[in-house]
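With CSV, C-alpha atoms inside, this is model.csv:
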```csv
chain,number,residue,atom,x,y,z
A,1,MET,CA,-19.2,7.2,1.2
A,2,GLU,CA,-20.1,3.7,2.4
A,3,THR,CA,-17.5,1.4,4.0
A,4,ILE,CA,-17.4,-1.7,1.9
A,5,LEU,CA,-14.7,-3.6,4.0
A,6,GLU,CA,-14.7,-3.3,7.8
A,7,VAL,CA,-12.3,-5.2,10.0
A,8,LYS,CA,-13.4,-4.8,13.6
A,9,ASP,CA,-11.4,-5.8,16.8
A,10,VAL,CA,-10.0,-8.9,15.1
A,11,ASN,CA,-7.8,-11.2,17.2
A,12,LYS,CA,-6.0,-14.3,16.1
A,13,TYR,CA,-4.2,-17.0,18.2
A,14,PHE,CA,-2.1,-19.9,17.0
A,15,GLY,CA,-2.2,-22.1,20.1
A,16,SER,CA,-1.4,-19.8,23.0
A,17,LYS,CA,0.4,-17.2,20.9
A,18,GLN,CA,-1.5,-14.1,19.9
A,19,VAL,CA,-0.5,-12.9,16.5
A,20,LEU,CA,-3.2,-10.3,15.9
A,21,LYS,CA,-4.5,-7.9,18.6
A,22,ASP,CA,-7.7,-6.0,18.2
A,23,VAL,CA,-7.0,-5.2,14.5
A,24,SER,CA,-9.5,-2.6,13.1
A,25,PHE,CA,-9.7,-0.7,9.8
A,26,GLY,CA,-12.1,0.0,7.0
A,27,ILE,CA,-12.0,0.8,3.2
A,28,LYS,CA,-14.5,2.8,1.2
A,29,ARG,CA,-15.3,2.7,-2.5
A,30,GLY,CA,-12.5,4.2,-4.6
A,31,GLU,CA,-9.9,4.0,-1.7
A,32,ILE,CA,-6.6,2.3,-2.1
A,33,LEU,CA,-5.3,1.4,1.4
A,34,GLY,CA,-1.6,0.5,1.7
A,35,PHE,CA,-1.2,-2.2,4.4
A,36,ILE,CA,2.4,-2.0,5.6
A,37,GLY,CA,4.5,-3.3,8.5
A,38,PRO,CA,7.7,-5.2,9.3
A,39,ASN,CA,8.1,-8.8,8.3
A,40,GLY,CA,6.0,-11.0,10.7
A,41,ALA,CA,3.8,-8.1,11.7
A,42,GLY,CA,0.6,-9.9,10.7
A,43,LYS,CA,-0.2,-8.5,7.2
A,44,THR,CA,-0.7,-11.8,5.4
A,45,THR,CA,-2.5,-13.3,8.4
A,46,THR,CA,-5.0,-10.4,8.4
A,47,ILE,CA,-5.6,-10.8,4.7
A,48,LYS,CA,-6.2,-14.6,5.1
A,49,LEU,CA,-8.7,-13.9,7.9
A,50,ILE,CA,-10.6,-11.4,5.7
A,51,LEU,CA,-10.8,-13.9,2.9
A,52,GLY,CA,-11.9,-16.7,5.2
A,53,LEU,CA,-8.8,-18.7,4.5
A,54,GLN,CA,-8.1,-18.9,8.3
A,55,SER,CA,-10.5,-18.7,11.2
A,56,ILE,CA,-10.9,-15.6,13.3
A,57,SER,CA,-10.3,-16.2,17.1
A,58,SER,CA,-12.5,-13.2,18.0
A,59,GLY,CA,-13.7,-10.0,16.3
A,60,ASP,CA,-15.6,-9.4,13.1
A,61,VAL,CA,-15.0,-8.8,9.4
A,62,PHE,CA,-17.9,-7.3,7.3
A,63,ILE,CA,-17.8,-7.1,3.5
A,64,ASN,CA,-20.6,-5.0,2.0
A,65,GLY,CA,-22.4,-5.4,5.3
A,66,TYR,CA,-22.2,-9.2,5.4
A,67,ASP,CA,-20.4,-11.0,8.3
A,68,ILE,CA,-17.6,-13.2,6.9
A,69,LYS,CA,-18.2,-15.8,9.6
A,70,LYS,CA,-22.0,-16.0,9.5
A,71,GLU,CA,-22.7,-15.2,5.8
A,72,PHE,CA,-19.5,-16.2,4.1
A,73,SER,CA,-20.9,-16.8,0.6
A,74,LYS,CA,-22.6,-13.4,0.5
A,75,ALA,CA,-19.6,-11.6,2.0
A,76,ILE,CA,-17.1,-13.1,-0.3
A,77,ALA,CA,-19.2,-12.8,-3.5
A,78,ASN,CA,-18.0,-9.3,-4.2
A,79,VAL,CA,-14.3,-9.8,-3.4
A,80,GLY,CA,-11.4,-10.4,-5.8
A,81,ALA,CA,-8.0,-11.3,-4.4
A,82,ILE,CA,-4.5,-12.4,-5.2
A,83,VAL,CA,-2.5,-13.8,-2.3
A,84,GLU,CA,1.2,-14.1,-3.1
A,85,SER,CA,1.1,-15.2,-6.8
A,86,PRO,CA,-2.0,-15.8,-9.1
A,87,ASP,CA,-3.0,-19.4,-9.7
A,88,LEU,CA,-2.9,-20.0,-13.4
A,89,TYR,CA,-2.8,-22.9,-15.8
A,90,MET,CA,0.5,-22.3,-17.6
A,91,TYR,CA,-0.3,-24.7,-20.5
A,92,LEU,CA,-3.5,-22.9,-21.4
A,93,THR,CA,-4.0,-19.5,-23.1
A,94,GLY,CA,-4.8,-16.5,-21.1
A,95,ARG,CA,-8.3,-16.4,-22.5
A,96,LYS,CA,-8.9,-20.1,-21.6
A,97,ASN,CA,-7.8,-19.4,-18.1
A,98,LEU,CA,-10.4,-16.6,-17.8
A,99,GLU,CA,-13.1,-18.8,-19.3
A,100,LEU,CA,-12.5,-21.5,-16.8
A,101,ILE,CA,-12.5,-19.1,-13.9
A,102,SER,CA,-15.7,-17.5,-15.2
A,103,ASN,CA,-17.5,-20.8,-14.8
A,104,MET,CA,-17.2,-20.4,-11.0
A,105,TYR,CA,-19.5,-17.4,-11.1
A,106,LYS,CA,-23.0,-16.7,-12.3
A,107,TYR,CA,-23.7,-14.2,-15.1
A,108,VAL,CA,-20.1,-13.7,-16.3
A,109,THR,CA,-20.6,-13.1,-20.0
A,110,LYS,CA,-18.2,-13.4,-23.0
A,111,GLU,CA,-18.5,-9.6,-23.2
A,112,ARG,CA,-17.3,-9.3,-19.6
A,113,ILE,CA,-14.3,-11.5,-20.3
A,114,ASP,CA,-13.5,-9.3,-23.3
A,115,GLU,CA,-13.9,-6.2,-21.1
A,116,VAL,CA,-11.5,-7.4,-18.4
A,117,ILE,CA,-8.9,-8.4,-21.1
A,118,LYS,CA,-9.0,-4.9,-22.3
A,119,LEU,CA,-9.0,-3.4,-18.8
A,120,VAL,CA,-5.7,-5.2,-18.0
A,121,GLY,CA,-4.2,-4.5,-21.5
A,122,LEU,CA,-3.7,-8.1,-22.7
A,123,GLU,CA,-5.7,-7.8,-25.9
A,124,ASN,CA,-2.6,-8.6,-28.1
A,125,ARG,CA,-1.4,-11.6,-26.1
A,126,ILE,CA,-4.6,-13.1,-24.6
A,127,ASP,CA,-4.6,-16.1,-27.0
A,128,ASP,CA,-1.0,-17.0,-26.2
A,129,LYS,CA,-0.2,-19.7,-23.7
A,130,VAL,CA,0.5,-18.3,-20.2
A,131,SER,CA,3.9,-20.1,-20.2
A,132,LYS,CA,5.0,-17.5,-22.7
A,133,TYR,CA,3.9,-14.5,-20.6
A,134,SER,CA,6.3,-12.3,-18.6
A,135,LEU,CA,5.8,-12.2,-14.9
A,136,GLY,CA,4.1,-8.8,-15.2
A,137,MET,CA,1.7,-10.2,-17.8
A,138,ARG,CA,0.8,-13.1,-15.5
A,139,GLN,CA,0.1,-10.6,-12.7
A,140,ARG,CA,-2.2,-8.7,-15.0
A,141,LEU,CA,-4.0,-11.9,-16.0
A,142,GLY,CA,-4.3,-12.7,-12.3
A,143,ILE,CA,-6.0,-9.4,-11.7
A,144,ALA,CA,-8.3,-10.0,-14.7
A,145,ALA,CA,-9.3,-13.3,-13.1
A,146,ALA,CA,-9.8,-11.5,-9.7
A,147,ILE,CA,-12.1,-8.9,-11.1
A,148,ILE,CA,-14.0,-10.9,-13.7
A,149,HIS,CA,-17.1,-11.1,-11.5
A,150,LYS,CA,-17.2,-7.3,-11.0
A,151,PRO,CA,-16.2,-7.2,-7.3
A,152,ASN,CA,-16.1,-4.0,-5.4
A,153,VAL,CA,-13.3,-5.1,-3.0
A,154,LEU,CA,-9.9,-6.1,-4.4
A,155,ILE,CA,-7.2,-7.5,-2.1
A,156,LEU,CA,-3.6,-7.9,-3.2
A,157,ASP,CA,-0.9,-9.4,-1.1
A,158,GLU,CA,2.6,-8.4,-2.3
A,159,PRO,CA,1.5,-8.0,-6.0
A,160,THR,CA,4.8,-6.4,-7.1
A,161,ASN,CA,7.1,-9.3,-6.0
A,162,GLY,CA,9.4,-10.2,-8.8
A,163,LEU,CA,8.2,-7.5,-11.2
A,164,ASP,CA,10.6,-5.3,-13.1
A,165,PRO,CA,10.1,-1.5,-13.1
A,166,GLU,CA,7.9,-1.6,-16.2
A,167,GLY,CA,5.7,-4.4,-14.7
A,168,ILE,CA,5.4,-2.4,-11.5
A,169,LYS,CA,4.3,0.7,-13.4
A,170,GLU,CA,1.8,-1.2,-15.4
A,171,LEU,CA,0.3,-2.8,-12.2
A,172,ARG,CA,0.2,0.6,-10.4
A,173,ASP,CA,-1.6,2.2,-13.3
A,174,LEU,CA,-4.1,-0.6,-13.4
A,175,ILE,CA,-4.9,-0.5,-9.7
A,176,LYS,CA,-5.4,3.3,-9.9
A,177,PHE,CA,-7.7,2.8,-12.9
A,178,LEU,CA,-9.8,0.1,-11.1
A,179,ALA,CA,-10.2,2.2,-8.0
A,180,LYS,CA,-11.3,5.3,-10.0
A,181,LYS,CA,-13.2,3.7,-12.9
A,182,GLU,CA,-14.7,0.6,-11.3
A,183,LYS,CA,-15.0,2.3,-7.9
A,184,MET,CA,-13.3,-0.6,-6.2
A,185,GLY,CA,-11.9,-0.4,-2.6
A,186,VAL,CA,-8.4,-1.8,-2.8
A,187,LEU,CA,-6.3,-3.3,0.0
A,188,ILE,CA,-2.7,-3.8,-1.0
A,189,SER,CA,0.1,-5.2,1.1
A,190,SER,CA,3.6,-4.6,-0.2
A,191,HIS,CA,7.2,-4.2,0.9
A,192,ASN,CA,7.8,-1.8,-2.0
A,193,LEU,CA,7.0,1.4,0.0
A,194,ALA,CA,8.5,3.8,-2.6
A,195,GLU,CA,6.0,2.3,-5.1
A,196,LEU,CA,3.1,2.3,-2.8
A,197,GLU,CA,3.7,6.0,-2.0
A,198,SER,CA,2.9,6.9,-5.7
A,199,PHE,CA,-0.7,5.6,-5.7
A,200,VAL,CA,-2.2,4.6,-2.4
A,201,THR,CA,-4.7,7.1,-0.9
A,202,ASP,CA,-4.4,5.9,2.7
A,203,VAL,CA,-1.9,3.9,4.8
A,204,CYS,CA,-2.5,1.4,7.6
A,205,LEU,CA,0.6,0.5,9.7
A,206,ILE,CA,0.7,-2.7,11.6
A,207,GLN,CA,3.5,-3.9,14.0
A,208,ASN,CA,3.6,-6.9,16.3
A,209,GLY,CA,0.0,-7.7,15.3
A,210,SER,CA,-1.4,-4.3,16.3
A,211,ILE,CA,-2.5,-1.4,14.2
A,212,ILE,CA,-0.4,1.6,15.2
A,213,SER,CA,-1.5,4.2,12.7
A,214,ILE,CA,-4.2,4.7,10.0
A,215,SER,CA,-4.0,7.9,8.0
A,216,SER,CA,-3.9,9.5,4.6
A,217,ILE,CA,-0.6,9.2,2.7
A,218,LYS,CA,-0.1,12.9,3.3
A,219,GLU,CA,-0.7,12.7,7.0
A,220,ILE,CA,1.6,9.8,7.7
A,221,LYS,CA,4.5,11.6,6.0
A,222,HIS,CA,4.0,14.4,8.5
A,223,LEU,CA,3.6,12.3,11.7
A,224,GLU,CA,7.2,13.2,12.7
A,225,LYS,CA,9.0,16.6,12.7
A,226,ASN,CA,9.6,18.0,9.2
A,227,VAL,CA,13.2,18.0,7.9
A,228,TYR,CA,14.5,21.4,6.5
A,229,SER,CA,17.6,21.8,4.4
A,230,PHE,CA,19.7,24.9,5.0
A,231,LYS,CA,22.3,26.2,2.6
A,232,LEU,CA,24.8,28.4,4.4
A,233,ASP,CA,28.1,30.1,3.8
A,234,LYS,CA,29.7,27.6,6.2
A,235,THR,CA,28.7,24.9,8.7
A,236,GLU,CA,31.7,25.1,11.1
A,237,GLY,CA,30.6,25.4,14.7
A,238,ILE,CA,27.0,24.1,14.1
A,239,ASN,CA,25.8,21.2,16.2
A,240,ALA,CA,22.7,19.8,17.8
A,241,GLU,CA,23.5,21.1,21.2
A,242,ILE,CA,23.9,24.7,20.0
A,243,LEU,CA,20.7,24.7,17.9
A,244,ASN,CA,18.8,22.5,20.4
A,245,ALA,CA,17.5,20.5,17.4
A,246,ASP,CA,18.2,17.3,15.5
A,247,VAL,CA,21.0,18.4,13.1
A,248,THR,CA,22.8,16.5,10.3
A,249,ILE,CA,25.8,18.1,8.7
A,250,ILE,CA,25.7,17.2,5.0
A,251,ASP,CA,28.9,19.0,4.0
A,252,ASP,CA,30.7,22.3,4.6
A,253,ARG,CA,27.7,24.4,3.3
A,254,HIS,CA,24.6,22.2,3.9
A,255,ILE,CA,22.8,21.0,7.0
A,256,ASN,CA,19.5,19.2,7.6
A,257,ILE,CA,17.5,20.1,10.7
A,258,SER,CA,14.5,18.1,12.0
A,259,LEU,CA,12.1,20.4,13.8
A,260,ASN,CA,8.5,21.6,13.9
A,261,GLU,CA,7.6,24.4,11.4
A,262,GLU,CA,7.0,27.0,14.1
A,263,LYS,CA,10.6,26.6,15.2
A,264,VAL,CA,12.1,27.6,11.8
A,265,PRO,CA,12.1,31.4,12.4
A,266,ASP,CA,14.0,30.8,15.7
A,267,ILE,CA,16.7,28.8,14.0
A,268,VAL,CA,17.0,31.4,11.2
A,269,LEU,CA,17.3,34.3,13.8
A,270,TYR,CA,19.9,32.4,15.8
A,271,LEU,CA,22.1,31.6,12.7
A,272,VAL,CA,21.9,35.2,11.5
A,273,GLU,CA,22.8,36.6,14.9
A,274,LYS,CA,25.8,34.2,15.0
A,275,GLY,CA,27.0,35.6,11.7
A,276,TYR,CA,26.0,32.7,9.4
A,277,LYS,CA,24.7,33.7,5.9
A,278,ILE,CA,21.6,31.7,4.8
A,279,TYR,CA,21.2,31.3,1.1
A,280,GLU,CA,18.4,28.8,0.9
A,281,ILE,CA,15.9,26.9,3.1
A,282,LYS,CA,13.6,24.2,1.8
A,283,GLU,CA,11.4,21.6,3.4
A,284,ASN,CA,12.3,18.0,2.6
A,285,GLU,CA,9.1,15.9,2.6
A,286,MET,CA,9.6,12.6,4.2
A,287,SER,CA,9.2,9.5,2.0
A,288,LEU,CA,6.7,6.8,3.0
A,289,GLU,CA,9.7,4.6,3.7
A,290,GLU,CA,11.3,7.2,6.1
A,291,ALA,CA,8.0,7.8,7.8
A,292,PHE,CA,7.5,4.0,8.2
A,293,LEU,CA,11.0,3.4,9.6
A,294,ARG,CA,10.6,6.3,12.1
A,295,LYS,CA,7.2,5.1,13.2
A,296,VAL,CA,8.1,1.4,13.7
A,297,GLY,CA,11.7,1.9,14.7
A,298,GLY,CA,13.2,-0.2,12.0
A,299,ASN,CA,12.0,-3.1,9.8
A,300,VAL,CA,12.5,-5.9,12.3
A,301,ILE,CA,10.6,-8.8,13.7
A,302,ASP,CA,10.0,-8.1,17.4
```
This structure in structure tokens:
Amino acid sequence: METILEVKDVNKYFGSKQVLKDVSFGIKRGEILGFIGPNGAGKTTTIKLILGLQSISSGDVFINGYDIKKEFSKAIANVGAIVESPDLYMYLTGRKNLELISNMYKYVTKERIDEVIKLVGLENRIDDKVSKYSLGMRQRLGIAAAIIHKPNVLILDEPTNGLDPEGIKELRDLIKFLAKKEKMGVLISSHNLAELESFVTDVCLIQNGSIISISSIKEIKHLEKNVYSFKLDKTEGINAEILNADVTIIDDRHINISLNEEKVPDIVLYLVEKGYKIYEIKENEMSLEEAFLRKVGGNVID
């Protein structure tokens, strides 16, 4: 499948300070790429460079094959974006907002406006003033505005900020639908890692302005050793030194051991030989947040 967004060896300097270092990644149609990293890692700066909101010191960004620096109008023509919060006219209705925005593009018909209203689920409230909308409804209207011209690249920077659980679920379902139904490639930056885990297809980790990992959601959760939970008759006498593994004592009958899968039989054999009774072993899959924290060493600005 074709790559519709390609960031290639991008560097960014503010004066003498380098904030992005050889940043490279790509997105294909239908992919949802979670762009995550500690505060100050360079996520928003990268997004602004992709959108032409800041200049690139060196490197290239291609959107649908067009160079953002040399063919900006053609490159940006098929991009929809929300950076931080959507810009909306609060005193106008949702429909009027979309009609005004549609005037910026060629060939956006009344039928397309009606289509995006339905896509984002605002049919019953579209003729109310935006000032009466909940934060989640405003976010959905913002996405409607971002996709009104049928882009194939959608870029969202912290779209779940301030949303309640219901609003987050609505946004998640909408993004999944757009990626699948409209075949959009989606780049989404968010601090809500537990939520991202439920719908992104791939994850790009950035730290100190450098990409440190790009992988599928499944792969990144297995970058480190797996964690296995053991239910025993007792935990007395068990420690990391004896098992030669990373051991956490949960209580007097449960322990967690971090180790590679091929080492599990050795641990089982050792425990049995030492007289421990094993009632249950199960693998605990790491959450995206746990994988992230292990990979970057904590959510800090370096």
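In this comparison, which uses all atoms listed in the file, the residue of A:Leu196, A:Ala81, A:Ile143, A:Ile76 approaching Phe35 of chain A most closely is A:Leu196.
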Top pick for closest residue to Arg172 of chain A, considering A:Ile32, A:Lys277, A:Arg294, A:Ser57 and counting all atoms listed in the file: A:Ile32
Given all atoms listed in the file as the counted atoms, nearest of A:Phe177, A:Ile214, A:Lys74, A:Ile126 to Leu98 of chain A: A:Ile126
Separation of atom CA of Ile242 of chain A from atom CA of Leu271 of chain A, in Å and rounded to one decimal: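 Rounded to one decimal, the two atoms are 10.2 Å apart.
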Coordinates-based distance that separates atom CA of Lys132 of chain A from atom CA of Ile101 of chain A (Å, one decimal):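 Value for the atom CA of Ile101 of chain A-atom CA of Lys132 of chain A distance: 19.7 Å.
One finds atom CA of Glu166 of chain A at 27.3 Å from atom CA of Arg29 of chain A.
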Protein and nucleic acid residues near (2.8, 4.9, 1.4) (cut-off 12 Å, all atoms listed in the file) as an NGL selection string: :A and (32-37 or 188-205 or 214-222 or 286-293)
Selected residue, from A:Ile155, A:Val10, A:Met184, A:Leu163, that lies nearest to Lys28 of chain A when counting all atoms listed in the file: A:Met184
Report as a compact mmCIF listing (two decimals) with C-alpha atoms, in the frame of the given file all protein, DNA and RNA residues lying within 9 Å of Lys234 of chain A, evaluated on all atoms listed in the file, omitting residues in the same chain fewer than 6 positions from it.
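Writing the result to selection35.txt gives the following:
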```txt
# COMPACT_ATOMS: atom_id res chain seq x y z
CA ASP A 251 28.90 19.00 4.00
CA ASP A 252 30.70 22.30 4.60
CA ARG A 253 27.70 24.40 3.30
CA HIS A 254 24.60 22.20 3.90
CA TYR A 276 26.00 32.70 9.40
CA LYS A 277 24.70 33.70 5.90
```
Best match for closeness to Asp157 of chain A among A:Lys43, A:Lys176, A:Lys17, A:Lys274, counting all atoms listed in the file: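 Among the listed residues, the smallest separation from Asp157 of chain A belongs to A:Lys43.
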Of the listed residues A:Glu241, A:Lys70, A:Lys282, A:Glu182, that which approaches Ile255 of chain A most closely, counting all atoms listed in the file: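 Closest to Ile255 of chain A of all the choices is A:Lys282.
Taking all atoms listed in the file into account, those protein, DNA and RNA residues with any atom at most 8 Å away from (-5.5, -3.7, -14.8) amount to Val116, Leu119, Val120, Gly121, Arg140, Ile143, Ala144, Glu170, Leu171, Asp173, Leu174, Ile175, Phe177 and Leu178 of chain A.
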So which residues touch Ile281 of chain A within 9 Å, counting only C-alpha atoms, skipping near sequence neighbours fewer than 5 positions away, as a JSON list (two decimals) with C-alpha atoms, keeping the file's coordinate frame?
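What landed in selection07.json:
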```json
[["chain", "number", "residue", "atom", "x", "y", "z"],
["A", 228, "TYR", "CA", 14.50, 21.40, 6.50],
["A", 229, "SER", "CA", 17.60, 21.80, 4.40],
["A", 230, "PHE", "CA", 19.70, 24.90, 5.00],
["A", 231, "LYS", "CA", 22.30, 26.20, 2.60]]
```
All residues 12 Å or closer to segment 24-26 of chain A, only C-alpha atoms, same chain fewer than 2 positions away omitted, as a ChimeraX atom specification: /A:1-11,20-22,28-29,31-35,46,50,59-65,153,185-187,202-206,209-215
